[in-house]
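Next up, protein.pdb (PDB, C-alpha atoms):
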```
ATOM      1  CA  MET A   1       0.000   0.000   0.000
ATOM      2  CA  ILE A   2       2.823   2.393   0.884
ATOM      3  CA  LEU A   3       4.537   1.650  -2.437
ATOM      4  CA  ILE A   4       1.296   2.377  -4.316
ATOM      5  CA  ILE A   5       0.891   5.739  -2.569
ATOM      6  CA  GLU A   6       4.525   6.605  -3.304
ATOM      7  CA  GLN A   7       4.106   5.822  -6.992
ATOM      8  CA  LEU A   8       0.857   7.786  -7.116
ATOM      9  CA  LEU A   9       2.746  10.797  -5.788
ATOM     10  CA  ASN A  10       5.483  10.230  -8.367
ATOM     11  CA  GLY A  11       2.806  10.091 -11.045
ATOM     12  CA  LEU A  12       1.265  13.298  -9.752
ATOM     13  CA  GLN A  13       4.663  15.012  -9.870
ATOM     14  CA  TYR A  14       5.230  13.817 -13.449
ATOM     15  CA  GLY A  15       1.680  14.839 -14.339
ATOM     16  CA  VAL A  16       2.051  18.439 -13.152
ATOM     17  CA  THR A  17       5.328  18.672 -15.094
ATOM     18  CA  LEU A  18       3.496  17.546 -18.218
ATOM     19  CA  PHE A  19       0.788  20.090 -17.451
ATOM     20  CA  LEU A  20       3.275  22.965 -17.226
ATOM     21  CA  LEU A  21       4.524  22.079 -20.682
ATOM     22  CA  ALA A  22       1.132  21.227 -22.161
ATOM     23  CA  ALA A  23      -0.613  24.379 -20.890
ATOM     24  CA  GLY A  24       1.496  26.646 -23.070
ATOM     25  CA  LEU A  25       1.550  24.236 -25.983
ATOM     26  CA  THR A  26      -2.228  23.799 -26.070
ATOM     27  CA  LEU A  27      -2.771  27.570 -26.090
ATOM     28  CA  ILE A  28      -0.225  28.061 -28.872
ATOM     29  CA  PHE A  29      -1.764  25.294 -30.952
ATOM     30  CA  GLY A  30      -5.357  26.163 -30.071
ATOM     31  CA  ILE A  31      -5.143  29.926 -30.665
ATOM     32  CA  MET A  32      -2.452  30.263 -33.307
ATOM     33  CA  GLY A  33      -2.949  26.952 -35.056
ATOM     34  CA  VAL A  34       0.843  26.471 -34.984
ATOM     35  CA  ILE A  35       2.455  23.094 -34.383
ATOM     36  CA  ASN A  36       5.498  24.118 -32.371
ATOM     37  CA  LEU A  37       7.949  21.240 -32.160
ATOM     38  CA  ALA A  38      10.485  23.616 -30.581
ATOM     39  CA  HIS A  39       8.418  23.925 -27.392
ATOM     40  CA  GLY A  40      10.660  21.322 -25.782
ATOM     41  CA  SER A  41      13.675  23.486 -26.609
ATOM     42  CA  LEU A  42      12.193  26.254 -24.451
ATOM     43  CA  PHE A  43      11.977  23.664 -21.660
ATOM     44  CA  MET A  44      15.708  23.046 -22.181
ATOM     45  CA  VAL A  45      16.567  26.768 -22.305
ATOM     46  CA  GLY A  46      14.883  27.354 -18.955
ATOM     47  CA  ALA A  47      16.702  24.404 -17.397
ATOM     48  CA  TYR A  48      20.128  25.481 -18.625
ATOM     49  CA  ALA A  49      19.709  29.210 -17.896
ATOM     50  CA  GLY A  50      18.396  28.632 -14.384
ATOM     51  CA  THR A  51      20.982  25.975 -13.568
ATOM     52  CA  TYR A  52      23.812  28.191 -14.850
ATOM     53  CA  VAL A  53      22.758  31.162 -12.703
ATOM     54  CA  ALA A  54      22.151  28.907  -9.700
ATOM     55  CA  GLY A  55      25.663  27.528 -10.110
ATOM     56  CA  LEU A  56      27.172  31.020 -10.252
ATOM     57  CA  THR A  57      25.282  32.334  -7.243
ATOM     58  CA  GLY A  58      25.036  29.137  -5.214
ATOM     59  CA  SER A  59      21.305  29.775  -4.828
ATOM     60  CA  PHE A  60      18.524  27.705  -6.372
ATOM     61  CA  TRP A  61      16.109  30.613  -5.941
ATOM     62  CA  ALA A  62      18.362  32.991  -7.891
ATOM     63  CA  GLY A  63      18.168  30.598 -10.823
ATOM     64  CA  LEU A  64      14.366  30.575 -10.870
ATOM     65  CA  PRO A  65      13.792  34.095 -12.290
ATOM     66  CA  ALA A  66      16.718  33.537 -14.669
ATOM     67  CA  ALA A  67      15.005  30.432 -16.051
ATOM     68  CA  LEU A  68      11.666  32.202 -16.450
ATOM     69  CA  ILE A  69      13.147  35.319 -18.058
ATOM     70  CA  ALA A  70      15.426  33.373 -20.411
ATOM     71  CA  ALA A  71      12.632  31.086 -21.589
ATOM     72  CA  ALA A  72      10.121  33.940 -22.011
ATOM     73  CA  LEU A  73      12.583  36.160 -23.922
ATOM     74  CA  THR A  74      13.563  33.238 -26.125
ATOM     75  CA  GLY A  75       9.887  32.607 -26.778
ATOM     76  CA  PHE A  76       9.307  36.237 -27.749
ATOM     77  CA  VAL A  77      12.246  36.139 -30.173
ATOM     78  CA  VAL A  78      11.158  32.819 -31.699
ATOM     79  CA  GLU A  79       7.614  34.103 -32.170
ATOM     80  CA  ALA A  80       8.726  37.397 -33.722
ATOM     81  CA  VAL A  81      11.435  36.007 -35.978
ATOM     82  CA  VAL A  82      10.089  32.606 -37.031
ATOM     83  CA  VAL A  83       6.617  31.651 -35.862
ATOM     84  CA  ARG A  84       4.947  34.905 -36.928
ATOM     85  CA  ARG A  85       5.759  34.009 -40.520
ATOM     86  CA  LEU A  86       4.107  30.614 -40.203
ATOM     87  CA  TYR A  87       0.569  31.581 -39.189
ATOM     88  CA  ALA A  88      -0.720  31.519 -42.766
ATOM     89  CA  ARG A  89       1.372  28.512 -43.799
ATOM     90  CA  ASP A  90       0.294  24.890 -43.687
ATOM     91  CA  HIS A  91       1.260  22.530 -40.900
ATOM     92  CA  LEU A  92       4.055  20.896 -42.895
ATOM     93  CA  ASP A  93       5.899  24.223 -43.111
ATOM     94  CA  GLN A  94       5.385  24.739 -39.371
ATOM     95  CA  VAL A  95       6.755  21.293 -38.581
ATOM     96  CA  LEU A  96       9.817  21.776 -40.783
ATOM     97  CA  ALA A  97      10.582  25.260 -39.433
ATOM     98  CA  THR A  98      10.176  24.364 -35.764
ATOM     99  CA  PHE A  99      12.128  21.132 -36.236
ATOM    100  CA  ALA A 100      14.947  23.264 -37.626
ATOM    101  CA  LEU A 101      14.729  25.346 -34.442
ATOM    102  CA  ILE A 102      15.265  22.182 -32.392
ATOM    103  CA  LEU A 103      18.531  21.532 -34.228
ATOM    104  CA  ILE A 104      19.616  25.158 -33.819
ATOM    105  CA  PHE A 105      18.857  25.204 -30.096
ATOM    106  CA  ASN A 106      20.567  21.871 -29.465
ATOM    107  CA  GLN A 107      23.710  22.944 -31.298
ATOM    108  CA  SER A 108      23.738  26.332 -29.574
ATOM    109  CA  ILE A 109      23.478  24.732 -26.129
ATOM    110  CA  THR A 110      26.240  22.290 -27.070
ATOM    111  CA  MET A 111      28.553  25.154 -28.042
ATOM    112  CA  LEU A 112      27.803  27.047 -24.834
ATOM    113  CA  PHE A 113      27.759  24.241 -22.264
ATOM    114  CA  GLY A 114      29.154  21.152 -23.968
ATOM    115  CA  ARG A 115      27.552  17.749 -24.382
ATOM    116  CA  GLN A 116      27.978  16.522 -20.828
ATOM    117  CA  PRO A 117      24.907  16.764 -18.537
ATOM    118  CA  VAL A 118      24.942  19.691 -16.122
ATOM    119  CA  TYR A 119      24.383  19.054 -12.428
ATOM    120  CA  ALA A 120      21.462  21.037 -10.983
ATOM    121  CA  HIS A 121      21.480  21.845  -7.286
ATOM    122  CA  MET A 122      18.429  21.274  -5.149
ATOM    123  CA  PRO A 123      17.437  24.005  -2.653
ATOM    124  CA  ASP A 124      18.810  23.149   0.789
ATOM    125  CA  ALA A 125      15.451  23.623   2.485
ATOM    126  CA  PHE A 126      13.893  21.001   0.201
ATOM    127  CA  SER A 127      16.761  18.510  -0.065
ATOM    128  CA  GLY A 128      15.457  16.120   2.565
ATOM    129  CA  ALA A 129      12.322  14.037   2.967
ATOM    130  CA  VAL A 130       9.122  14.416   4.907
ATOM    131  CA  THR A 131       7.255  11.511   6.487
ATOM    132  CA  LEU A 132       3.738  11.596   5.050
ATOM    133  CA  MET A 133       2.677   8.516   6.990
ATOM    134  CA  PRO A 134       4.455   5.784   8.966
ATOM    135  CA  GLY A 135       6.881   4.072   6.598
ATOM    136  CA  LEU A 136       6.444   6.632   3.825
ATOM    137  CA  PRO A 137       9.204   9.245   3.691
ATOM    138  CA  TYR A 138       8.831  11.274   0.501
ATOM    139  CA  PRO A 139      11.319  13.739  -1.056
ATOM    140  CA  THR A 140      10.397  17.274  -0.106
ATOM    141  CA  TYR A 141      11.534  18.627  -3.458
ATOM    142  CA  ARG A 142       9.047  16.447  -5.349
ATOM    143  CA  LEU A 143       6.303  17.831  -3.111
ATOM    144  CA  LEU A 144       7.529  21.329  -4.034
ATOM    145  CA  ILE A 145       7.130  20.493  -7.733
ATOM    146  CA  ILE A 146       3.606  19.205  -7.104
ATOM    147  CA  ALA A 147       2.686  22.330  -5.131
ATOM    148  CA  THR A 148       4.174  24.584  -7.822
ATOM    149  CA  GLY A 149       2.203  22.846 -10.549
ATOM    150  CA  LEU A 150      -1.043  23.109  -8.600
ATOM    151  CA  LEU A 151      -0.455  26.813  -7.876
ATOM    152  CA  VAL A 152       0.278  27.476 -11.553
ATOM    153  CA  ALA A 153      -2.899  25.609 -12.496
ATOM    154  CA  LEU A 154      -4.894  27.797 -10.105
ATOM    155  CA  GLY A 155      -3.222  30.942 -11.454
ATOM    156  CA  LEU A 156      -3.943  29.977 -15.050
ATOM    157  CA  TYR A 157      -7.561  29.201 -14.162
ATOM    158  CA  LEU A 158      -7.985  32.671 -12.670
ATOM    159  CA  LEU A 159      -6.172  34.299 -15.599
ATOM    160  CA  ILE A 160      -8.199  32.497 -18.259
ATOM    161  CA  ASN A 161     -11.593  32.747 -16.545
ATOM    162  CA  ARG A 162     -11.450  35.993 -14.554
ATOM    163  CA  THR A 163      -9.527  38.519 -16.686
ATOM    164  CA  LYS A 164     -10.053  40.366 -19.955
ATOM    165  CA  ILE A 165      -6.904  38.824 -21.408
ATOM    166  CA  GLY A 166      -8.236  35.415 -20.472
ATOM    167  CA  MET A 167     -11.503  36.186 -22.218
ATOM    168  CA  LEU A 168      -9.603  37.015 -25.401
ATOM    169  CA  VAL A 169      -7.534  33.855 -25.056
ATOM    170  CA  ARG A 170     -10.664  31.714 -24.689
ATOM    171  CA  ALA A 171     -12.298  33.483 -27.618
ATOM    172  CA  GLY A 172      -9.181  33.042 -29.714
ATOM    173  CA  ALA A 173      -9.075  29.335 -28.930
ATOM    174  CA  SER A 174     -12.708  28.985 -30.029
ATOM    175  CA  ASN A 175     -12.776  31.318 -33.055
ATOM    176  CA  ARG A 176      -9.602  33.138 -34.121
ATOM    177  CA  ASP A 177     -11.218  34.844 -37.103
ATOM    178  CA  MET A 178     -13.981  36.406 -35.008
ATOM    179  CA  VAL A 179     -11.463  37.812 -32.499
ATOM    180  CA  ARG A 180      -9.517  39.356 -35.360
ATOM    181  CA  ALA A 181     -12.717  40.786 -36.875
ATOM    182  CA  LEU A 182     -13.585  42.497 -33.571
ATOM    183  CA  GLY A 183     -10.461  44.627 -33.850
ATOM    184  CA  VAL A 184      -8.306  42.865 -31.271
ATOM    185  CA  ASP A 185      -4.556  43.296 -31.789
ATOM    186  CA  ILE A 186      -4.110  39.679 -32.699
ATOM    187  CA  LYS A 187      -0.338  39.983 -33.136
ATOM    188  CA  LEU A 188       0.060  41.224 -29.572
ATOM    189  CA  LEU A 189      -2.241  38.479 -28.285
ATOM    190  CA  TYR A 190      -0.224  35.840 -30.137
ATOM    191  CA  THR A 191       3.043  37.217 -28.753
ATOM    192  CA  LEU A 192       1.731  37.247 -25.175
ATOM    193  CA  VAL A 193       0.372  33.705 -25.446
ATOM    194  CA  PHE A 194       3.597  32.419 -26.945
ATOM    195  CA  GLY A 195       5.650  34.159 -24.261
ATOM    196  CA  LEU A 196       3.433  32.708 -21.519
ATOM    197  CA  GLY A 197       3.798  29.233 -22.981
ATOM    198  CA  ALA A 198       7.576  29.651 -23.157
ATOM    199  CA  LEU A 199       7.706  30.874 -19.551
ATOM    200  CA  LEU A 200       5.776  27.829 -18.313
ATOM    201  CA  ALA A 201       8.054  25.524 -20.316
ATOM    202  CA  GLY A 202      11.101  27.199 -18.758
ATOM    203  CA  LEU A 203       9.618  26.789 -15.290
ATOM    204  CA  ALA A 204       9.020  23.084 -15.911
ATOM    205  CA  GLY A 205      12.562  22.624 -17.220
ATOM    206  CA  TYR A 206      14.211  24.320 -14.266
ATOM    207  CA  MET A 207      12.062  22.601 -11.653
ATOM    208  CA  THR A 208      12.762  19.129 -13.056
ATOM    209  CA  GLY A 209      16.503  19.771 -13.404
ATOM    210  CA  PRO A 210      17.508  18.550  -9.909
ATOM    211  CA  ILE A 211      15.692  15.226 -10.338
ATOM    212  CA  SER A 212      16.627  14.548 -13.963
ATOM    213  CA  SER A 213      19.495  15.304 -16.287
ATOM    214  CA  VAL A 214      19.963  18.830 -17.593
ATOM    215  CA  GLN A 215      21.343  17.888 -20.979
ATOM    216  CA  VAL A 216      21.154  18.636 -24.667
ATOM    217  CA  GLY A 217      17.959  17.250 -26.185
ATOM    218  CA  MET A 218      16.120  16.950 -22.882
ATOM    219  CA  GLY A 219      13.121  18.756 -24.349
ATOM    220  CA  GLU A 220      12.530  16.218 -27.089
ATOM    221  CA  GLN A 221      12.374  13.410 -24.531
ATOM    222  CA  ILE A 222       9.257  14.856 -22.921
ATOM    223  CA  LEU A 223       7.733  16.663 -25.910
ATOM    224  CA  LEU A 224       5.951  13.630 -27.376
ATOM    225  CA  ALA A 225       4.197  12.893 -24.076
ATOM    226  CA  THR A 226       3.251  16.575 -23.906
ATOM    227  CA  PHE A 227       1.570  16.407 -27.312
ATOM    228  CA  VAL A 228      -0.378  13.359 -26.100
ATOM    229  CA  VAL A 229      -1.573  15.406 -23.112
ATOM    230  CA  VAL A 230      -2.723  18.207 -25.437
ATOM    231  CA  VAL A 231      -4.593  15.824 -27.731
ATOM    232  CA  VAL A 232      -6.272  13.888 -24.917
ATOM    233  CA  GLY A 233      -7.234  17.016 -22.975
ATOM    234  CA  GLY A 234      -8.521  18.872 -26.020
ATOM    235  CA  VAL A 235      -6.569  21.367 -28.125
ATOM    236  CA  GLY A 236      -6.858  24.846 -26.626
ATOM    237  CA  SER A 237      -8.187  23.714 -23.234
ATOM    238  CA  ILE A 238      -6.222  24.545 -20.065
ATOM    239  CA  LYS A 239      -8.581  22.412 -17.978
ATOM    240  CA  GLY A 240      -8.038  19.546 -20.392
ATOM    241  CA  ALA A 241      -4.259  19.945 -20.183
ATOM    242  CA  PHE A 242      -4.415  19.758 -16.388
ATOM    243  CA  VAL A 243      -6.777  16.770 -16.174
ATOM    244  CA  SER A 244      -5.094  14.760 -18.910
ATOM    245  CA  GLY A 245      -1.618  15.646 -17.610
ATOM    246  CA  ILE A 246      -2.440  14.232 -14.182
ATOM    247  CA  ILE A 247      -4.163  11.138 -15.613
ATOM    248  CA  LEU A 248      -1.407  10.328 -18.085
ATOM    249  CA  GLY A 249       1.339  11.036 -15.553
ATOM    250  CA  VAL A 250      -0.190   8.638 -13.049
ATOM    251  CA  VAL A 251      -0.961   5.964 -15.670
ATOM    252  CA  ASP A 252       2.565   6.063 -17.094
ATOM    253  CA  THR A 253       4.198   5.914 -13.666
ATOM    254  CA  MET A 254       1.983   3.121 -12.341
ATOM    255  CA  LEU A 255       2.438   0.967 -15.438
ATOM    256  CA  ARG A 256       6.220   1.303 -15.338
ATOM    257  CA  ALA A 257       6.312   0.565 -11.615
ATOM    258  CA  PHE A 258       3.939  -2.386 -11.340
ATOM    259  CA  LEU A 259       3.229  -4.018 -14.718
ATOM    260  CA  PRO A 260       6.512  -5.995 -14.925
ATOM    261  CA  THR A 261       5.965  -7.269 -11.365
ATOM    262  CA  ILE A 262       2.418  -8.353 -12.176
ATOM    263  CA  LEU A 263       3.561 -10.211 -15.307
ATOM    264  CA  ARG A 264       6.248 -12.042 -13.337
ATOM    265  CA  SER A 265       3.524 -13.974 -11.523
ATOM    266  CA  PHE A 266       2.877 -16.048 -14.654
ATOM    267  CA  MET A 267       5.922 -15.403 -16.897
ATOM    268  CA  GLN A 268       9.667 -15.720 -16.775
ATOM    269  CA  PRO A 269      11.219 -12.637 -15.105
ATOM    270  CA  SER A 270      13.224 -11.655 -18.186
ATOM    271  CA  ASP A 271      10.170 -11.943 -20.446
ATOM    272  CA  ALA A 272       7.972 -10.154 -17.927
ATOM    273  CA  ASP A 273      10.389  -7.232 -17.671
ATOM    274  CA  ALA A 274      10.735  -6.898 -21.439
ATOM    275  CA  ILE A 275       7.024  -7.168 -22.195
ATOM    276  CA  GLY A 276       5.972  -5.120 -19.173
ATOM    277  CA  LEU A 277       8.273  -2.218 -19.972
ATOM    278  CA  GLY A 278       7.254  -2.390 -23.632
ATOM    279  CA  ILE A 279       3.556  -2.176 -22.810
ATOM    280  CA  ALA A 280       4.193   0.503 -20.186
ATOM    281  CA  SER A 281       6.010   2.660 -22.739
ATOM    282  CA  MET A 282       2.949   2.412 -24.994
ATOM    283  CA  GLY A 283       0.429   2.937 -22.192
ATOM    284  CA  ILE A 284      -0.321   6.635 -22.649
ATOM    285  CA  TYR A 285      -0.603   6.203 -26.424
ATOM    286  CA  LEU A 286      -3.069   3.361 -26.033
ATOM    287  CA  LEU A 287      -5.037   5.517 -23.605
ATOM    288  CA  MET A 288      -4.995   8.364 -26.123
ATOM    289  CA  ALA A 289      -6.392   6.059 -28.794
ATOM    290  CA  LEU A 290      -9.207   4.926 -26.489
ATOM    291  CA  VAL A 291     -10.102   8.514 -25.550
ATOM    292  CA  LEU A 292     -10.156   9.649 -29.185
ATOM    293  CA  LEU A 293     -12.436   6.748 -30.118
ATOM    294  CA  VAL A 294     -15.005   8.079 -27.656
ATOM    295  CA  ARG A 295     -14.262  11.822 -27.844
ATOM    296  CA  PRO A 296     -12.429  12.665 -31.096
ATOM    297  CA  LYS A 297     -11.831  16.286 -29.979
ATOM    298  CA  GLY A 298     -10.482  15.344 -26.569
ATOM    299  CA  LEU A 299     -11.932  15.501 -23.084
ATOM    300  CA  PHE A 300     -12.728  19.235 -23.095
ATOM    301  CA  ALA A 301     -13.646  21.826 -25.701
ATOM    302  CA  ALA A 302     -11.256  24.591 -26.696
ATOM    303  CA  GLY A 303     -11.310  27.627 -24.405
ATOM    304  CA  ASN A 304     -12.311  25.656 -21.284
TER     305      ASN A 304
END
```

How does the structure come out when it is put into structure tokens?
Amino acid sequence: MILIIEQLLNGLQYGVTLFLLAAGLTLIFGIMGVINLAHGSLFMVGAYAGTYVAGLTGSFWAGLPAALIAAALTGFVVEAVVVRRLYARDHLDQVLATFALILIFNQSITMLFGRQPVYAHMPDAFSGAVTLMPGLPYPTYRLLIIATGLLVALGLYLLINRTKIGMLVRAGASNRDMVRALGVDIKLLYTLVFGLGALLAGLAGYMTGPISSVQVGMGEQILLATFVVVVVGGVGSIKGAFVSGIILGVVDTMLRAFLPTILRSFMQPSDADAIGLGIASMGIYLLMALVLLVRPKGLFAAGN
């Protein structure tokens, strides 16, 4: 029972990380109609910028604003220089252009920091563990990630549902042409949305740095799962990104943790491990297929 609770918490932590990435990506795709494969590169930029500043200052908290600012500024530049020219182009052009950005970002990071993974320091106050229940010590830093993700989700909910900017974002996700026809500065709206998405990606990258490798290409490793979250939750839906992120994070973690063990009860250990890990790696994609069979547009409508 304790192991199940621990893995559920790990799944929740992975789920909120996916949400931080998917929230920006679903808005960019839902409002702008742009398939941005370089979103994972913004995740990497935030991780490297924050880790670099934290290493210079010796303070994890000094690296946090550096990660957010670096990712947001990079997002603004990418939107102004590249993405803005892709709005009227078809998706193939968007895929090719943003894939080229991945290569550019990866090579740029390699030239600046090298190919070896960079060690990210954990804040001293959150480097230990807290006992949640007898026999269940859990890393405090993972709880910090969970709390951060939940606070960001609450902040985005209030922004999207309680502000004028949020109203425009929801309208843009539902009907871009109507928002443009009403005289809204659509270019400014696109820039703000893209910058917000980049900032959230940078936050996710920096927060996950101490528990995973900060290395070249780290964004591509999580980008595919992020796209699955966007599709399952519904393109353009923040609520969908949050719900599907949590569900898929928990499903992926639980399958990887327990499926091989379950299969060992009636298979050879080597076969059980191979088959179990293979099925676990496909788990979220199988779940996506099942959801799309029932709800082809995802769990929630755009703008929710």

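Considering the residues A:Ala62, A:Leu18, A:Leu196, A:Ala181 and counting all atoms listed in the file, Ser244 of chain A has its shortest atom-to-atom contact with A:Leu18.
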
* For Thr110 of chain A: contacts at 12 Å, all atoms listed in the file, fewer than 4 positions along chain excluded, given as a PyMOL selection string -> chain A and resi 44-45+48+103-106+114-118+214-217

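With all atoms listed in the file as the atoms that count, the residue of A:Ala241, A:Arg264, A:Ala225, A:Ala257 with the shortest distance to Leu287 of chain A is A:Ala225.
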
* To do: Return as a ChimeraX atom specification the set of residues that the PyMOL selection byres ((chain A and resi 125) around 12) yields on the displayed structure.
  => /A:59-61,121-124,126-130,139-141,144

* **Proximity to Val169 of chain A - best of A:Leu182, A:Leu27, A:Leu20, A:Val34, all atoms listed in the file** =>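 For Val169 of chain A, the nearest of the given residues is A:Leu27.
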
* Contacts of Ile262 of chain A at 10 Å (only C-alpha atoms; same-chain gap of 5+ positions) as a VMD selection string -> chain A and resid 255 257 267 272 to 273 276

* To do: Output the residue selection produced by the PyMOL selection byres ((chain A and resi 238) around 10) on the file above, formatted as a list in words.
  =>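 Given this file, the PyMOL selection byres ((chain A and resi 238) around 10) evaluates to Phe19, Ala22, Ala23, Gly24, Leu25, Thr26, Leu27, Ala153, Leu156, Tyr157, Ile160, Arg170, Val230, Gly233, Gly234, Val235, Gly236, Ser237, Lys239, Gly240, Ala241, Phe242, Val243, Ser244, Phe300, Ala301, Ala302, Gly303 and Asn304 of chain A.
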
Can you tell me which residues surround Leu192 of chain A at a distance of at most 10 Å, considering only C-alpha atoms, apart from same-chain residues fewer than 4 positions away, and format the answer as a tab-separated table (two decimals) with C-alpha atoms, keeping the file's coordinate frame?
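Below is the file selection16.tsv, written as the result:
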```tsv
chain	number	residue	atom	x	y	z
A	72	ALA	CA	10.12	33.94	-22.01
A	75	GLY	CA	9.89	32.61	-26.78
A	76	PHE	CA	9.31	36.24	-27.75
A	79	GLU	CA	7.61	34.10	-32.17
A	165	ILE	CA	-6.90	38.82	-21.41
A	169	VAL	CA	-7.53	33.85	-25.06
A	186	ILE	CA	-4.11	39.68	-32.70
A	187	LYS	CA	-0.34	39.98	-33.14
A	188	LEU	CA	0.06	41.22	-29.57
A	196	LEU	CA	3.43	32.71	-21.52
A	197	GLY	CA	3.80	29.23	-22.98
A	198	ALA	CA	7.58	29.65	-23.16
```

* Asked: Hey, can you check how far atom CA of Gly183 of chain A sits from atom CA of Arg84 of chain A?
  ->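 Going from atom CA of Gly183 of chain A over to atom CA of Arg84 of chain A, I get 18.5 Å.
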
* To do: Output the residue selection produced by the PyMOL selection byres ((chain A and resi 254) around 12) on the file above, formatted as a PyMOL selection string.
  => chain A and resi 3-12+14-15+247-253+255-262+276-277+279-281+283-284

* Structure fact -> Here atom CA of Ile28 of chain A and atom CA of Val83 of chain A stand apart by 10.4 Å

* Atomic separation - atom CA of Leu154 of chain A relative to atom CA of Leu189 of chain A, Å ->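 Distance reported for this atom pair: 21.3 Å.
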
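Among A:Ile211, A:Leu199, A:Leu168, A:Val78, the residue with the shortest atom-to-atom distance to Val184 of chain A, counting all atoms listed in the file, is A:Leu168.
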
Report, as lines of an AutoDock Vina configuration file, the centre and edge lengths in Å (one decimal) of the axis-aligned box enclosing every listed atom of segment 59-67 of chain A, padded by 5 Å on each side.
```
center_x = 17.5
center_y = 30.9
center_z = -10.4
size_x = 17.5
size_y = 16.4
size_z = 21.2
```

* To do: Using all atoms listed in the file, pick whichever of A:Phe29, A:Phe194, A:Phe113, A:Tyr119 has the shortest atom-to-atom distance to Gly55 of chain A.
  =>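 Closest to Gly55 of chain A of all the choices is A:Tyr119.
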
* Considering all atoms listed in the file, state which residue in the set A:Val179, A:Val77, A:Leu200, A:Leu159 is at the smallest distance from Leu64 of chain A. =>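 Among A:Val179, A:Val77, A:Leu200, A:Leu159, it is A:Leu200 that comes nearest to Leu64 of chain A.
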